[in-house]
>>> print(open('data-v7.csv').read())   # CSV, C-alpha atoms and all ligand atoms
chain,number,residue,atom,x,y,z
A,1,MET,CA,90.3,89.0,108.5
A,2,HIS,CA,91.8,90.8,105.5
A,3,LYS,CA,94.1,93.7,106.4
A,4,VAL,CA,93.6,96.0,103.4
A,5,ILE,CA,95.2,99.1,101.9
A,6,PHE,CA,92.7,100.6,99.5
A,7,ASP,CA,94.5,102.5,96.7
A,8,THR,CA,91.9,104.6,94.9
A,9,ASP,CA,91.0,107.6,92.8
A,10,PRO,CA,87.5,108.6,94.1
A,11,GLY,CA,85.7,108.4,91.7
A,12,VAL,CA,82.1,107.4,91.8
A,13,ASP,CA,82.5,103.6,91.8
A,14,ASP,CA,85.5,104.0,94.1
A,15,ALA,CA,83.1,105.6,96.6
A,16,MET,CA,80.9,102.5,96.6
A,17,ALA,CA,84.0,100.3,96.9
A,18,LEU,CA,85.2,102.2,99.9
A,19,LEU,CA,81.9,101.8,101.7
A,20,PHE,CA,81.9,98.1,100.8
A,21,LEU,CA,85.3,97.6,102.4
A,22,HIS,CA,84.3,99.6,105.4
A,23,ARG,CA,81.1,97.6,105.9
A,24,HIS,CA,82.5,94.1,105.1
A,25,PRO,CA,82.9,92.2,108.4
A,26,GLU,CA,86.1,90.4,107.2
A,27,VAL,CA,88.0,93.5,106.2
A,28,GLU,CA,90.2,95.7,108.4
A,29,LEU,CA,91.0,98.9,106.5
A,30,LEU,CA,94.6,99.8,107.4
A,31,GLY,CA,94.6,102.8,105.1
A,32,VAL,CA,93.4,104.6,102.0
A,33,THR,CA,95.9,105.8,99.5
A,34,THR,CA,94.9,108.2,96.8
A,35,VAL,CA,96.1,108.6,93.2
A,36,PHE,CA,95.3,110.8,90.3
A,37,GLY,CA,92.9,109.4,87.7
A,38,ASN,CA,89.2,110.0,87.8
A,39,ALA,CA,90.2,113.6,88.8
A,40,SER,CA,93.3,115.4,89.9
A,41,ILE,CA,95.2,114.2,92.9
A,42,GLU,CA,93.9,117.3,94.8
A,43,ASN,CA,90.4,116.3,94.0
A,44,THR,CA,90.7,112.6,94.6
A,45,THR,CA,92.4,113.2,98.0
A,46,ARG,CA,89.8,115.8,99.0
A,47,ASN,CA,87.2,113.3,98.0
A,48,ALA,CA,88.8,110.5,100.0
A,49,LEU,CA,88.8,112.7,103.1
A,50,PHE,CA,85.2,113.8,102.5
A,51,LEU,CA,84.1,110.2,102.1
A,52,ARG,CA,86.0,109.0,105.1
A,53,GLU,CA,84.1,111.5,107.2
A,54,ALA,CA,80.7,110.9,105.5
A,55,PHE,CA,81.0,107.1,105.9
A,56,GLY,CA,82.4,107.3,109.5
A,57,ILE,CA,85.7,105.5,108.6
A,58,ASP,CA,88.5,105.5,111.0
A,59,ALA,CA,91.6,104.8,108.8
A,60,PRO,CA,94.5,107.0,107.7
A,61,VAL,CA,94.4,108.6,104.3
A,62,ALA,CA,97.7,109.1,102.4
A,63,ARG,CA,98.1,111.3,99.4
A,64,GLY,CA,99.7,109.6,96.4
A,65,ALA,CA,100.9,110.3,92.9
A,66,GLY,CA,99.6,113.2,90.9
A,67,THR,CA,101.5,112.3,87.7
A,68,PRO,CA,102.5,109.1,85.9
A,69,TYR,CA,105.3,106.7,86.9
A,70,ASP,CA,107.4,107.6,83.9
A,71,PRO,CA,108.0,111.4,84.0
A,72,ALA,CA,108.1,111.4,80.1
A,73,ARG,CA,104.5,110.2,79.8
A,74,ILE,CA,102.0,113.0,79.2
A,75,PRO,CA,98.9,112.6,81.4
A,76,HIS,CA,95.5,112.2,79.8
A,77,ALA,CA,92.7,114.6,80.5
A,78,TYR,CA,90.5,113.7,83.5
A,79,PRO,CA,87.3,111.9,82.5
A,80,VAL,CA,84.9,114.6,83.5
A,81,MET,CA,82.1,113.1,81.4
A,82,VAL,CA,82.2,110.0,83.6
A,83,HIS,CA,83.0,111.2,87.2
A,84,GLY,CA,82.2,114.9,86.9
A,85,GLU,CA,84.6,117.9,87.3
A,86,ASN,CA,85.0,117.2,91.0
A,87,GLY,CA,85.3,113.4,90.6
A,88,LEU,CA,82.2,112.6,92.6
A,89,GLY,CA,79.5,113.3,90.1
A,90,ASP,CA,79.6,117.0,90.8
A,91,ILE,CA,77.6,116.8,94.0
A,92,PRO,CA,78.3,119.7,96.3
A,93,ILE,CA,81.3,119.1,98.5
A,94,PRO,CA,81.8,121.5,101.4
A,95,ASP,CA,84.7,123.9,101.1
A,96,THR,CA,85.3,123.6,104.8
A,97,PRO,CA,88.2,121.2,105.6
A,98,PRO,CA,87.2,117.8,107.0
A,99,SER,CA,87.5,117.5,110.8
A,100,ARG,CA,90.3,115.0,110.4
A,101,PRO,CA,93.1,116.2,108.1
A,102,LEU,CA,95.3,114.2,105.7
A,103,ASP,CA,97.4,111.7,107.7
A,104,HIS,CA,100.3,111.1,105.3
A,105,GLU,CA,101.8,113.0,102.3
A,106,ASP,CA,103.4,110.1,100.6
A,107,ALA,CA,101.2,107.1,99.7
A,108,ALA,CA,104.1,105.0,98.3
A,109,GLN,CA,106.0,105.3,101.6
A,110,PHE,CA,102.8,104.6,103.5
A,111,ILE,CA,102.4,101.3,101.5
A,112,ILE,CA,106.0,100.4,102.1
A,113,ASP,CA,105.8,101.1,105.9
A,114,THR,CA,102.5,99.3,106.3
A,115,VAL,CA,103.6,96.2,104.5
A,116,HIS,CA,106.8,96.0,106.6
A,117,ALA,CA,104.8,96.5,109.7
A,118,HIS,CA,102.6,93.5,108.9
A,119,PRO,CA,104.8,91.1,106.9
A,120,GLY,CA,102.8,88.6,104.9
A,121,GLU,CA,99.5,90.0,106.0
A,122,VAL,CA,98.6,93.0,103.9
A,123,SER,CA,96.4,92.9,100.9
A,124,VAL,CA,96.5,95.9,98.6
A,125,VAL,CA,93.3,96.5,96.5
A,126,ALA,CA,94.2,99.0,93.8
A,127,VAL,CA,91.4,100.5,91.8
A,128,GLY,CA,93.0,103.5,90.1
A,129,ARG,CA,96.2,104.1,88.1
A,130,MET,CA,98.9,101.7,89.5
A,131,THR,CA,101.2,104.6,90.0
A,132,ASN,CA,101.5,104.4,93.8
A,133,LEU,CA,102.2,100.7,93.8
A,134,ALA,CA,104.8,101.0,91.1
A,135,ASN,CA,106.5,103.9,92.9
A,136,ALA,CA,106.5,101.8,96.1
A,137,LEU,CA,108.0,98.8,94.3
A,138,ARG,CA,110.7,101.0,92.7
A,139,ARG,CA,111.6,102.5,96.1
A,140,ASP,CA,111.5,99.2,97.9
A,141,PRO,CA,111.4,96.0,95.7
A,142,ALA,CA,111.4,93.9,98.9
A,143,ILE,CA,107.7,94.7,99.4
A,144,ALA,CA,106.8,92.2,96.6
A,145,GLY,CA,107.8,89.4,98.9
A,146,LEU,CA,106.2,90.8,102.0
A,147,VAL,CA,102.6,91.6,100.8
A,148,LYS,CA,100.0,88.9,101.1
A,149,GLN,CA,98.4,89.8,97.8
A,150,VAL,CA,97.5,92.5,95.4
A,151,VAL,CA,94.1,92.8,93.7
A,152,ILE,CA,93.8,95.3,90.9
A,153,MET,CA,90.8,96.6,88.9
A,154,GLY,CA,92.2,97.1,85.5
A,155,GLY,CA,92.7,95.8,82.0
A,156,SER,CA,90.6,93.9,79.5
A,157,PHE,CA,91.6,90.6,77.9
A,158,HIS,CA,88.8,89.1,75.8
A,159,VAL,CA,86.6,92.2,75.6
A,160,PRO,CA,87.3,95.7,74.2
A,161,GLY,CA,88.7,98.4,76.5
A,162,ASN,CA,86.6,101.4,77.7
A,163,VAL,CA,88.9,104.3,76.7
A,164,SER,CA,90.1,102.7,73.5
A,165,PRO,CA,89.3,99.5,71.7
A,166,ALA,CA,92.5,98.2,73.3
A,167,ALA,CA,92.7,99.7,76.8
A,168,GLU,CA,90.9,100.0,80.1
A,169,ALA,CA,91.0,103.4,81.9
A,170,ASN,CA,93.2,102.5,85.0
A,171,ILE,CA,95.8,100.9,82.8
A,172,HIS,CA,95.7,103.4,80.0
A,173,GLY,CA,96.2,106.2,82.5
A,174,ASP,CA,99.6,104.9,83.4
A,175,PRO,CA,100.7,101.9,81.4
A,176,GLU,CA,104.3,101.9,82.6
A,177,ALA,CA,103.2,101.7,86.2
A,178,ALA,CA,100.7,98.9,85.3
A,179,ASP,CA,103.5,96.9,83.6
A,180,ALA,CA,105.7,97.2,86.7
A,181,VAL,CA,102.8,95.9,88.8
A,182,THR,CA,101.8,93.0,86.6
A,183,THR,CA,105.4,91.8,86.2
A,184,ALA,CA,106.4,92.0,89.9
A,185,PRO,CA,106.9,88.8,91.8
A,186,TRP,CA,103.9,89.0,94.0
A,187,LYS,CA,100.5,87.3,94.2
A,188,LEU,CA,98.4,89.4,91.9
A,189,THR,CA,94.8,89.1,90.8
A,190,VAL,CA,93.6,91.1,87.9
A,191,ILE,CA,90.0,92.1,87.8
A,192,GLY,CA,89.4,93.6,84.4
A,193,LEU,CA,86.4,94.6,82.2
A,194,ASP,CA,85.9,90.9,81.3
A,195,VAL,CA,84.2,90.6,84.7
A,196,THR,CA,83.4,94.1,85.8
A,197,GLY,CA,81.6,94.7,82.6
A,198,GLN,CA,79.0,92.2,83.9
A,199,THR,CA,78.5,93.6,87.4
A,200,VAL,CA,75.7,96.1,87.0
A,201,MET,CA,73.7,97.9,89.7
A,202,THR,CA,70.5,99.4,88.4
A,203,ARG,CA,69.3,102.9,89.3
A,204,ALA,CA,66.3,101.3,91.0
A,205,GLU,CA,68.5,98.9,93.1
A,206,LEU,CA,70.6,101.9,94.2
A,207,ALA,CA,67.5,103.9,95.1
A,208,ALA,CA,66.1,101.0,97.1
A,209,LEU,CA,69.4,100.8,99.0
A,210,SER,CA,69.3,104.5,99.7
A,211,ASP,CA,65.7,104.3,100.9
A,212,ALA,CA,66.5,101.5,103.2
A,213,GLY,CA,69.8,102.8,104.5
A,214,GLY,CA,71.3,105.8,106.2
A,215,SER,CA,72.9,109.0,105.0
A,216,ASP,CA,75.9,107.2,103.6
A,217,LEU,CA,73.8,105.3,101.1
A,218,ALA,CA,71.8,108.4,100.3
A,219,LEU,CA,75.2,110.1,99.5
A,220,LEU,CA,76.2,107.1,97.3
A,221,ASP,CA,72.9,107.4,95.4
A,222,ALA,CA,73.3,111.1,94.9
A,223,LEU,CA,76.9,111.0,93.7
A,224,SER,CA,76.1,108.2,91.3
A,225,GLN,CA,73.3,109.9,89.3
A,226,ASP,CA,75.6,111.4,86.6
A,227,TYR,CA,77.6,108.2,86.3
A,228,ILE,CA,74.4,106.3,85.6
A,229,ARG,CA,73.5,108.9,83.0
A,230,PHE,CA,76.9,108.4,81.4
A,231,TYR,CA,76.3,104.6,81.3
A,232,GLY,CA,73.2,105.2,79.3
A,233,HIS,CA,75.2,104.5,76.1
A,234,LEU,CA,75.9,101.0,77.3
A,235,LEU,CA,73.3,100.0,79.9
A,236,GLU,CA,69.6,100.4,80.2
A,237,ASP,CA,69.4,102.2,83.5
A,238,GLY,CA,72.3,101.4,85.8
A,239,MET,CA,76.1,101.5,86.3
A,240,LEU,CA,79.0,99.2,86.3
A,241,VAL,CA,80.5,98.7,89.8
A,242,HIS,CA,84.1,98.1,88.6
A,243,ASP,CA,85.9,98.9,91.8
A,244,THR,CA,83.5,97.1,94.2
A,245,CYS,CA,83.8,94.1,92.0
A,246,ALA,CA,87.5,94.0,92.7
A,247,CYS,CA,86.8,94.3,96.4
A,248,VAL,CA,84.5,91.3,96.2
A,249,ALA,CA,87.3,89.3,94.5
A,250,LEU,CA,89.4,89.8,97.7
A,251,VAL,CA,86.7,88.4,100.0
A,252,ARG,CA,85.0,85.9,97.7
A,253,PRO,CA,87.5,84.8,95.1
A,254,ASP,CA,85.4,81.7,94.6
A,255,LEU,CA,82.8,83.8,92.7
A,256,PHE,CA,85.3,84.3,89.9
A,257,GLN,CA,86.6,82.0,87.2
A,258,THR,CA,90.3,82.7,86.6
A,259,VAL,CA,93.2,81.6,84.5
A,260,GLN,CA,96.9,81.8,85.3
A,261,GLY,CA,99.5,83.5,83.2
A,262,ALA,CA,102.0,86.2,82.7
A,263,VAL,CA,100.6,89.7,82.1
A,264,ARG,CA,102.3,92.5,80.2
A,265,VAL,CA,101.1,96.0,79.3
A,266,VAL,CA,101.6,97.7,75.9
A,267,CYS,CA,103.4,101.0,76.5
A,268,GLY,CA,102.9,103.3,73.5
A,269,GLY,CA,101.3,103.2,70.0
A,270,ILE,CA,97.8,102.5,68.9
A,271,ALA,CA,97.4,99.8,71.6
A,272,ASP,CA,98.8,102.0,74.5
A,273,GLY,CA,97.6,100.5,77.8
A,274,GLN,CA,96.5,97.1,76.4
A,275,THR,CA,96.8,94.2,78.8
A,276,ILE,CA,98.1,91.0,77.2
A,277,LEU,CA,97.9,87.5,78.9
A,278,LYS,CA,100.4,84.7,78.1
A,279,PRO,CA,98.4,81.7,79.4
A,280,ALA,CA,100.4,79.4,81.7
A,281,GLY,CA,101.8,76.4,79.8
A,282,ARG,CA,101.7,78.0,76.4
A,283,ARG,CA,105.2,77.9,74.8
A,284,PHE,CA,106.6,80.6,72.6
A,285,PRO,CA,110.1,81.1,71.2
A,286,PRO,CA,112.5,82.6,73.7
A,287,GLY,CA,112.0,86.3,74.3
A,288,GLU,CA,110.6,89.0,76.5
A,289,TRP,CA,107.9,86.8,78.0
A,290,ASP,CA,110.4,84.4,79.6
A,291,GLY,CA,110.6,84.1,83.4
A,292,LEU,CA,107.7,86.4,84.2
A,293,PRO,CA,105.6,85.6,87.3
A,294,GLU,CA,102.3,83.9,86.6
A,295,GLN,CA,99.4,86.0,87.9
A,296,THR,CA,95.7,85.3,88.3
A,297,VAL,CA,93.4,86.8,85.7
A,298,ALA,CA,89.6,86.8,86.1
A,299,VAL,CA,87.8,85.7,82.9
A,300,GLY,CA,84.4,84.9,84.3
A,301,VAL,CA,82.2,85.9,87.2
A,302,ALA,CA,79.0,84.8,89.0
A,303,ALA,CA,77.7,88.3,88.5
A,304,SER,CA,74.3,87.9,90.3
A,305,ALA,CA,76.1,86.4,93.4
A,306,VAL,CA,78.6,89.3,93.4
A,307,MET,CA,75.8,91.9,93.2
A,308,ALA,CA,73.8,90.1,95.9
A,309,LEU,CA,76.9,90.3,98.2
A,310,ILE,CA,77.4,94.0,97.4
A,311,THR,CA,73.8,94.8,98.2
A,312,GLU,CA,73.8,92.8,101.4
A,313,THR,CA,77.1,94.3,102.6
A,314,LEU,CA,76.2,97.9,101.8
A,401,LIG,C1,88.0,102.2,86.2
A,401,LIG,O1,88.2,103.5,85.7
A,401,LIG,C2,87.6,104.4,86.6
A,401,LIG,O2,86.7,105.2,85.8
A,401,LIG,C3,86.8,103.7,87.6
A,401,LIG,O3,86.9,104.2,88.9
A,401,LIG,C4,87.4,102.3,87.6
A,401,LIG,O4,88.4,102.2,88.5
A,401,LIG,C5,87.1,101.4,85.2
A,401,LIG,O5,87.7,101.4,83.9
A,402,CA,CA,88.7,103.8,90.3
>>> encode(input="data-v7.csv", output="structure tokens")
Amino acid sequence: MHKVIFDTDPGVDDAMALLFLHRHPEVELLGVTTVFGNASIENTTRNALFLREAFGIDAPVARGAGTPYDPARIPHAYPVMVHGENGLGDIPIPDTPPSRPLDHEDAAQFIIDTVHAHPGEVSVVAVGRMTNLANALRRDPAIAGLVKQVVIMGGSFHVPGNVSPAAEANIHGDPEAADAVTTAPWKLTVIGLDVTGQTVMTRAELAALSDAGGSDLALLDALSQDYIRFYGHLLEDGMLVHDTCACVALVRPDLFQTVQGAVRVVCGGIADGQTILKPAGRRFPPGEWDGLPEQTVAVGVAASAVMALITETL
């Protein structure tokens, strides 16, 4: 059983990932931590509470960072053309507060406390900006030795980014946080666009799930419609399920081809937010890359097997 903290910025593909984790028989959801990104922290937290209720999830929700790790960094505009103004494809979300209120006001502290409560057992799956994880590390570096593993959706290594030729959105939104996370001494798996760019759910497949399932799948179908329209520039009639792909990497790492190496993030300039891999065993003159932990970076994926698992689990 995987004890999981899900760190997320819901977010259309985040919503599917949350339902996947909730439904997967080998996942015990210890908590959901929110972060700014696809929308403001107010909206992503409201969305997490809304989805928790709609999906019938019984796990605490903790509100996280609303601004980047480095106070000097100016936040980017929210990607309303991707996730809508409200972060969930602009489906109507009731104004009435959810029946269960927010459980914690401080996601970084929630991560620290939960990791200490279950030493060596907690997996963190982070699918938004890495700000909460970086804040938690800064406050308590000991958590790096106490988590079981961290899986992140972010970055691009051998393919272009999706918010610039160099950068993927989750990393670009807070590069300093991402660099703190990729260089920390913990077991980290990086699931970037190299693999999530291959995991497509078509509109018809989502509609079929909705027809066969309950109100949660109908909700997922409804909130994904604008996102599918957005992906019209890249895909025929479907969407990339970035965040669910990262969740699959937790439960079925064998479906991914990976390489080991140190990962750093470019902070500033034309390549702001670019992720760079120094493959294990490659030697360079002494410098900034010395002594960094070697992480696991996904470079290939059995995409149809991943999609089959997602469909079956949902
Ligand atoms: C990532 O950015 C967000 O738009 C998605 O939720 C995903 O986490 C993809 O680049
Ligand atoms: Ca996300």
>>> closest_atom_pairs(input="data-v7.csv", of="chain A", to="ligand CA 402 (chain A)", cutoff="9 Å", atoms="all atoms listed in the file", output="tab-separated table")
residue	atom	partner	partner_atom	distance
A:Asp7	CA	A:CA402	CA	8.7
A:Thr8	CA	A:CA402	CA	5.7
A:Asp9	CA	A:CA402	CA	5.1
A:Pro10	CA	A:CA402	CA	6.2
A:Gly11	CA	A:CA402	CA	5.7
A:Val12	CA	A:CA402	CA	7.7
A:Asp13	CA	A:CA402	CA	6.4
A:Asp14	CA	A:CA402	CA	5.0
A:Ala15	CA	A:CA402	CA	8.6
A:Ala17	CA	A:CA402	CA	8.8
A:Gly37	CA	A:CA402	CA	7.5
A:Asn38	CA	A:CA402	CA	6.7
A:Ala126	CA	A:CA402	CA	8.1
A:Val127	CA	A:CA402	CA	4.5
A:Gly128	CA	A:CA402	CA	4.3
A:Arg129	CA	A:CA402	CA	7.8
A:Met153	CA	A:CA402	CA	7.6
A:Gly154	CA	A:CA402	CA	9.0
A:Ala169	CA	A:CA402	CA	8.7
A:Asn170	CA	A:CA402	CA	7.1
A:His242	CA	A:CA402	CA	7.5
A:Asp243	CA	A:CA402	CA	5.8
>>> closest_residue(input="data-v7.csv", among="A:Gly87, A:Pro279, A:Gly287, A:Pro185", to="ligand LIG 401 (chain A)", atoms="all atoms listed in the file")
A:Gly87
>>> atom_distance(input="data-v7.csv", atom1="atom CA of Pro79 of chain A", atom2="atom CA of Met16 of chain A")
18.1 Å
>>> residues_around(input="data-v7.csv", residues="Leu49 of chain A", least_positions_apart="6", cutoff="12 Å", atoms="all atoms listed in the file", output="PyMOL selection string")
chain A and resi 8-10+15+18+31-34+42-43+55-63+93-94+96-104
>>> residues_around(input="data-v7.csv", residues="His116 of chain A", least_positions_apart="5", cutoff="10 Å", atoms="all atoms listed in the file", output="list in words")
Phe110, Ile111, Glu121, Val122, Ala142, Ile143, Leu146 and Val147 of chain A
>>> residues_around(input="data-v7.csv", residues="Ile171 of chain A", least_positions_apart="2", cutoff="12 Å", atoms="only C-alpha atoms", output="PyMOL selection string")
chain A and resi 37+68-69+76+126-131+152-156+161-164+166-169+173-182+190-193+264-268+271-276
>>> atom_distance(input="data-v7.csv", atom1="atom CA of Ala134 of chain A", atom2="atom CA of Pro71 of chain A")
13.0 Å
>>> residues_around(input="data-v7.csv", residues="Leu277 of chain A", least_positions_apart="5", cutoff="10 Å", atoms="only C-alpha atoms", output="list in words")
Ser156, Phe157, His158, Val259, Gln260, Gly261, Ala262, Val263, Arg264, Val265, Glu294, Gln295, Thr296 and Val297 of chain A
>>> closest_residue(input="data-v7.csv", among="A:Ile41, A:Ile310, A:Met81, A:Leu133", to="ligand LIG 401 (chain A)", atoms="only C-alpha atoms and all ligand atoms")
A:Met81
>>> atom_distance(input="data-v7.csv", atom1="atom CA of Arg23 of chain A", atom2="atom CA of Gly145 of chain A")
28.8 Å
>>> closest_residue(input="data-v7.csv", among="A:Asp216, A:Glu53, A:Asp140, A:Asp90", to="Ile112 of chain A", atoms="only C-alpha atoms")
A:Asp140
